[in-house]
Structure formats: C-alpha cells, structure tokens
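Trainee: Encoded as structure tokens, here's the structure I'll be asking about.
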Amino acid sequence: VAEWWQALRSQLPLCERTAYFFAGAQGPLPLGVRAAMDDAIAAWDETGWRIRQRMWEDLDRCRDLIAGMVGCSPARVVACDSTSDAMSLAAAMVLQRRRAAGTEGANVVLHDEVHASGSYPWHNAVRLGEPVELRWPVPDDGEDAVEAIVAAVDAATIAVSVAHISHRTGRRLDVAALSDRLRGRDLAVIVDAAQSAGALGLEAEVAAADFVGFPANKWLLGPPGVGFLVIAEPWLADPGPTSVGWGSCPSPPPDARAFELAVGADAFRLGTPNQLGLAGAAAALQLRSGLGEGRVAARIEELTERFLAGVDRQGLPSPTPRAWPGRAGVISLALRDPEAVRARLARRGFDTGVSAGVLRVDIHAYNEESEVDRLLAELRSLRPL
Ligand SMILES: Cc1ncc(COP(=O)(O)O)c(C=O)c1O
C-alpha cells in the first residue's frame with residue numbers, strides 16, 4: 001500500500017523528472033490543479049460570458065478551505081494577488097486606522113529577517129509622506145528575535161511586521177510568543193507566512209496575529225497570482241477595506257450612486273476576480289485538506305532532520321536552526337558561490353534554488369528519503385565550500 005505522501009507525489013509529474021527542492025519559490029503543479037484550471041478554461045471557451053455567473057464560487061471555496069485549515073471564519077479570509085499584495089493591504093488598513101484616530105509620531109517595528117514583502121509597504125508609506133518611523137532592531141548575539149522586537153516597541157508603535165519563516169535562514173519566529181509579549185498594546189501584529197502556509201499548521205499564528213498573509217503557489221502547491229490575507233475580526237469593519245469596487249457591495253451589481261459595503265471579507269472584493277487562478281487554488285487547497293496538516297509537518301520535520309544531519313556530518317555551513325520548533329521546510333546553506341552550486345546540482349537532476357545569497361534546499365512532504373540522501377551525496381562530491 002502506497003503511503004499518503006507517495007499518493008501526493010504521484011499527483012506531481014515534475015517530481016518524476018527532477019528531484020524538486022524549491023517549493024518556497026514555486027510548488028510543482030498537481031494533476032488536480034491542472035485539471036481544475038483546464039476545466040475553467042474549457043468553460044470560458046464553451047460558454048463565454050457565462051463563466052461570470054459563477055465568478056465568486058472558487059473564491060468562496062478557497063475561503064472555506066482556508067478557514068478550515070487555519071481554524072477561523074471564512075468571513076476573515078480575503079483573496080489577494082500575492083503575499084506582497086496581502087502585506088500591502090494590511091499596512092494600508094493599519095495606516096488608515098492611525099489616520100482616522102489622528103495619532104501622530106507613529107513607528108513600525110520590522111523583524112530583521114522580514115522579506116521585502118513585509119517591509120516595502122512601510123518604506124512606501126514613508127515615501128508617500130506618512131509620518132511613520134521604521135525601526136529595525138537587530139537581535140544581539142544569542143538574543144531571541146521576539147525579544148529584540150519587543151524591546152523596540154513603545155506606546156507609539158502601530159505595527160510589527162514579521163516573517164514566520166525566514167527566506168534567508170529558514171528560522172521560525174514564535175508568533176504566539178510575540179503576540180503574548182505584546183498583549184495589551186494597541187498595535188497590529190502582521191505576519192508574512194509565505195514560507196509556512198502549506199508546510200505548517202497556522203492555527204496558533206492566525207489566533208495570535210492581526211494579519212496573516214500567504215501565497216497559494218509555494219508550499220500550498222497552487223498557481224501563481226493568488227494569495228490570501230486572514231484578518232482579525234476587529235479590523236474587518238474598522239477600518240474595513242481600503243480599496244473597493246463593485247464586488248464590495250452586498251449583492252452586486254450595485255447602484256453607482258448608492259454606497260453599501262458587504263459584511264466581512266466580501267467587502268474586500270473589487271471587480272472581476274482571477275477566476276483561473278482561484279479555480280487552481282481551490283483545487284490545491286482541496287488536495288491539501290485531504291493530506292492533514294499534522295502529517296505534512298511531521299514528514300517535513302523528518303526529512304529536514306535527515307538532511308541537516310548530513311549537512312552537519314559534512315561540515316557544510318547552514319544558519320538554519322537544528323531544532324524543529326525553530327524552523328520548517330526551508331533550509332539554507334551559506335556557500336561561497338551558491339549559484340554555481342545550484343547550476344551544477346541542476347545538471348545532475350536536483351532542482352534547488354538561490355535566494356538572498358544562500359543556496360536554498362526546500363524540503364516538502366512529497367520528497368523522498370532517497371532523494372535527500374542522493375542530494376547529500378552529490379553535495380559531498382561537489383565539496384562546495
Ligand atoms: C518570506 C517571503 N515572503 C514573501 C515572498 C514573496 O511572496 P509573493 O511573491 O507572494 O509576494 C517570499 C518569496 O519568495 C518569501 O520568501
């Protein structure tokens with residue numbers, strides 16, 4: 001009897017052609033996701049404008065599946081284009097609340113390992129003349145990132161922006177601990193979960209944070225161009241959406257002279273959605289919900305442990321924490337010439353990646369033990385130090 005992860009692997013033709021280790025950039029395409037997108041294209045080809053009659057159906061399915069995955073109401077799940085889009089929306093909402101309150105002298109505390117997705121909206125706010133100071137606390141040697149962030153927060157802090165899993169080091173930030181340490185503060189905790197959604201369960205993070213954003217196309221194995229932002233209840237109406245369109249009213253199409261917003265995430269719909277992408281994302285989330293979050297994470301833990309043990313035996317430098325609670329599926333190797341190593345590995349049938357100056361080996365549940373062992377053997381023969 002095939003194991004559950006072998007059944008998953010059999011859905012991924014790319015895994016037959018290459019040892020695929022870069023889910024954190026783009027997951028391989030599952031057969032079911034391709035079929036769902038093919039069906040959406042066929043419906044368009046056969047019925048033209050009639051595909052608009054089910055315009056919101058796949059978005060609603062995605063919202064239900066994500067709600068089930070992270071343990072929240074679907075009314076809290078807003079569709080976006082990407083993690084960056086999700087982080088921009090979160091920042092716009094926080095800034096809008098600050099403006100409405102007339103607060104002056106605000107600051108935002110940024111995690112030193114945050115991706116540009118989580119920092120650019122704030123840099124741009126400064127560019128646009130918002131009176132916000134950006135703070136970049138760097139942990140002292142051995143200091144926990146949570147403590148460094150908390151130490152930089154004061155009464156004027158309106159948001160902290162963090163990456164759940166760092167794209168540079170694979171390090172995991174304890175979002176629940178951060179949120180606990182900030183309890184009682186009037187600020188927003190904004191979490192970029194691009195490298196964890198699909199690898200780890202996010203229930204605790206969604207329960208602890210004000211905003212959690214992630215893409216469909218990485219560890220969730222969906223198509224590019226779709227992301228989600230899970231918004232804590234108090235923000236849904238105050239301030240509510242900062243961008244709206246005809247899709248934001250309770251029962252579109254609306255009367256252009258009247259103005260009424262739907263309740264919850266529906267108010268964040270703009271116009272015609274990315275129906276092809278959402279069809280694929282819904283299929284990916286469906287596939288995902290059949291796997292069970294606990295099993296996926298447990299298998300990633302096992303495989304990454306196996307790989308890191310080999311990395312340590314070879315003495316390869318890696319900033320990725322060894323203990324499982326400190327990481328997820330992203331593993332970084334700090335090599336002198338990561339691009340040369342990536343290219344040589346690619347010629348030998350191993351698809352790894354380079355990001356932020358490190359070699360990235362992203363290990364997902366569909367990877368095989370033997371692939372991990374062969375990759376280690378290949379690294380040994382390359383002596384890439
Ligand atoms: C931690 C993190 N956040 C955000 C992104 C970018 O995501 P998106 O392209 O969905 O904006 C990446 C991309 O690799 C990432 O590693």
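To be explicit about the labels: the chains of the structure tokens are called A, B, and onward in the order shown, and within each one the residues are counted from 1, while ligands get numbers from 1 in the order they are shown.
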Determine which residues of region 168-312 of chain A receive a DSSP assignment of helix (DSSP H, G or I), computed from the backbone, and state them as a ChimeraX atom specification.
Mentor: /A:175-181,203-208,233-237,246-248,264-268,275-291,293-312
Trainee: Which residues of chain A come within 6 Å of ligand 1, and what is each one's closest atom pair and distance in Å (one decimal), counting only C-alpha atoms and all ligand atoms, sorted by chain and residue number, as a tab-separated table?
Mentor:
residue	atom	partner	partner_atom_place_in_ligand_line	distance
A:Ala25	CA	ligand 1	14 (O)	5.2
A:Ser82	CA	ligand 1	10 (O)	3.7
A:Thr83	CA	ligand 1	10 (O)	3.7
A:Ser84	CA	ligand 1	11 (O)	3.7
A:His115	CA	ligand 1	3 (N)	5.0
A:Ser117	CA	ligand 1	4 (C)	5.0
A:Ala163	CA	ligand 1	1 (C)	5.7
A:Ser166	CA	ligand 1	1 (C)	5.5
A:His167	CA	ligand 1	16 (O)	4.4
A:Asp192	CA	ligand 1	3 (N)	5.7
A:Ala194	CA	ligand 1	2 (C)	4.8
A:Gln195	CA	ligand 1	1 (C)	5.4
A:Pro215	CA	ligand 1	10 (O)	4.8
Trainee: Show which residues sit within 6 Å of region 227-231 of chain A, as a ChimeraX atom specification. Count only C-alpha atoms, and ignore same-chain residues fewer than 3 positions away.
Mentor: /A:76-83,86,210-216
Trainee: From a DSSP calculation on the backbone, collect every residue of region 261-355 of chain A in strand (DSSP E) and output the set as a list in words.
Mentor: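 Put together, the selection reads Val330, Ile331, Ser332, Leu333, Phe350, Asp351, Gly353, Val354 and Ser355 of chain A.
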Trainee: Based on the selection just made, write all heavy atoms of those residues as an mmCIF file, in the first residue's frame.
Mentor:
data_model
loop_
_atom_site.group_PDB
_atom_site.id
_atom_site.type_symbol
_atom_site.label_atom_id
_atom_site.label_comp_id
_atom_site.auth_asym_id
_atom_site.auth_seq_id
_atom_site.Cartn_x
_atom_site.Cartn_y
_atom_site.Cartn_z
ATOM 1 N N VAL A 330 12.277 25.205 4.978
ATOM 2 C CA VAL A 330 13.322 25.980 4.288
ATOM 3 C C VAL A 330 14.673 25.716 4.950
ATOM 4 O O VAL A 330 14.825 25.933 6.154
ATOM 5 C CB VAL A 330 13.016 27.496 4.366
ATOM 6 C CG1 VAL A 330 14.202 28.324 3.864
ATOM 7 C CG2 VAL A 330 11.757 27.833 3.580
ATOM 8 N N ILE A 331 15.635 25.256 4.153
ATOM 9 C CA ILE A 331 16.996 25.073 4.677
ATOM 10 C C ILE A 331 17.959 25.883 3.806
ATOM 11 O O ILE A 331 17.889 25.816 2.580
ATOM 12 C CB ILE A 331 17.386 23.584 4.678
ATOM 13 C CG1 ILE A 331 16.463 22.844 5.663
ATOM 14 C CG2 ILE A 331 18.850 23.408 5.076
ATOM 15 C CD1 ILE A 331 16.716 21.379 5.775
ATOM 16 N N SER A 332 18.830 26.648 4.465
ATOM 17 C CA SER A 332 19.811 27.475 3.736
ATOM 18 C C SER A 332 21.203 26.940 3.957
ATOM 19 O O SER A 332 21.545 26.583 5.087
ATOM 20 C CB SER A 332 19.826 28.908 4.268
ATOM 21 O OG SER A 332 18.561 29.440 4.290
ATOM 22 N N LEU A 333 21.982 26.948 2.894
ATOM 23 C CA LEU A 333 23.402 26.631 3.018
ATOM 24 C C LEU A 333 24.174 27.883 2.620
ATOM 25 O O LEU A 333 23.967 28.438 1.532
ATOM 26 C CB LEU A 333 23.775 25.465 2.103
ATOM 27 C CG LEU A 333 23.081 24.119 2.401
ATOM 28 C CD1 LEU A 333 23.568 23.042 1.434
ATOM 29 C CD2 LEU A 333 23.311 23.683 3.834
ATOM 30 N N PHE A 350 18.934 17.812 -9.712
ATOM 31 C CA PHE A 350 18.415 18.318 -8.439
ATOM 32 C C PHE A 350 18.023 19.783 -8.614
ATOM 33 O O PHE A 350 18.868 20.612 -8.934
ATOM 34 C CB PHE A 350 19.470 18.219 -7.331
ATOM 35 C CG PHE A 350 19.931 16.811 -7.080
ATOM 36 C CD1 PHE A 350 21.042 16.301 -7.747
ATOM 37 C CD2 PHE A 350 19.249 15.993 -6.193
ATOM 38 C CE1 PHE A 350 21.465 15.006 -7.535
ATOM 39 C CE2 PHE A 350 19.660 14.687 -5.971
ATOM 40 C CZ PHE A 350 20.771 14.182 -6.653
ATOM 41 N N ASP A 351 16.743 20.079 -8.384
ATOM 42 C CA ASP A 351 16.283 21.454 -8.538
ATOM 43 C C ASP A 351 16.259 22.150 -7.179
ATOM 44 O O ASP A 351 15.314 22.002 -6.413
ATOM 45 C CB ASP A 351 14.878 21.447 -9.165
ATOM 46 C CG ASP A 351 14.736 22.492 -10.233
ATOM 47 O OD1 ASP A 351 15.643 23.336 -10.371
ATOM 48 O OD2 ASP A 351 13.711 22.469 -10.944
ATOM 49 N N GLY A 353 17.502 26.077 -5.138
ATOM 50 C CA GLY A 353 17.360 27.482 -5.506
ATOM 51 C C GLY A 353 18.401 28.361 -4.848
ATOM 52 O O GLY A 353 19.115 27.932 -3.937
ATOM 53 N N VAL A 354 18.464 29.593 -5.327
ATOM 54 C CA VAL A 354 19.306 30.592 -4.670
ATOM 55 C C VAL A 354 18.408 31.753 -4.303
ATOM 56 O O VAL A 354 17.600 32.213 -5.118
ATOM 57 C CB VAL A 354 20.448 31.070 -5.587
ATOM 58 C CG1 VAL A 354 21.184 32.251 -4.950
ATOM 59 C CG2 VAL A 354 21.414 29.934 -5.858
ATOM 60 N N SER A 355 18.517 32.197 -3.061
ATOM 61 C CA SER A 355 17.701 33.316 -2.602
ATOM 62 C C SER A 355 18.513 34.054 -1.550
ATOM 63 O O SER A 355 19.123 33.419 -0.677
ATOM 64 C CB SER A 355 16.406 32.759 -2.009
ATOM 65 O OG SER A 355 15.696 33.769 -1.329
#
Trainee: For a quick check of understanding, using only C-alpha atoms, which of A:Val108, A:Val341, A:Leu31, A:Met55 has the smallest distance to Asn274 (chain A)?
Mentor: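 Looking at the shortest contact to Asn274 (chain A), the residue is A:Met55.
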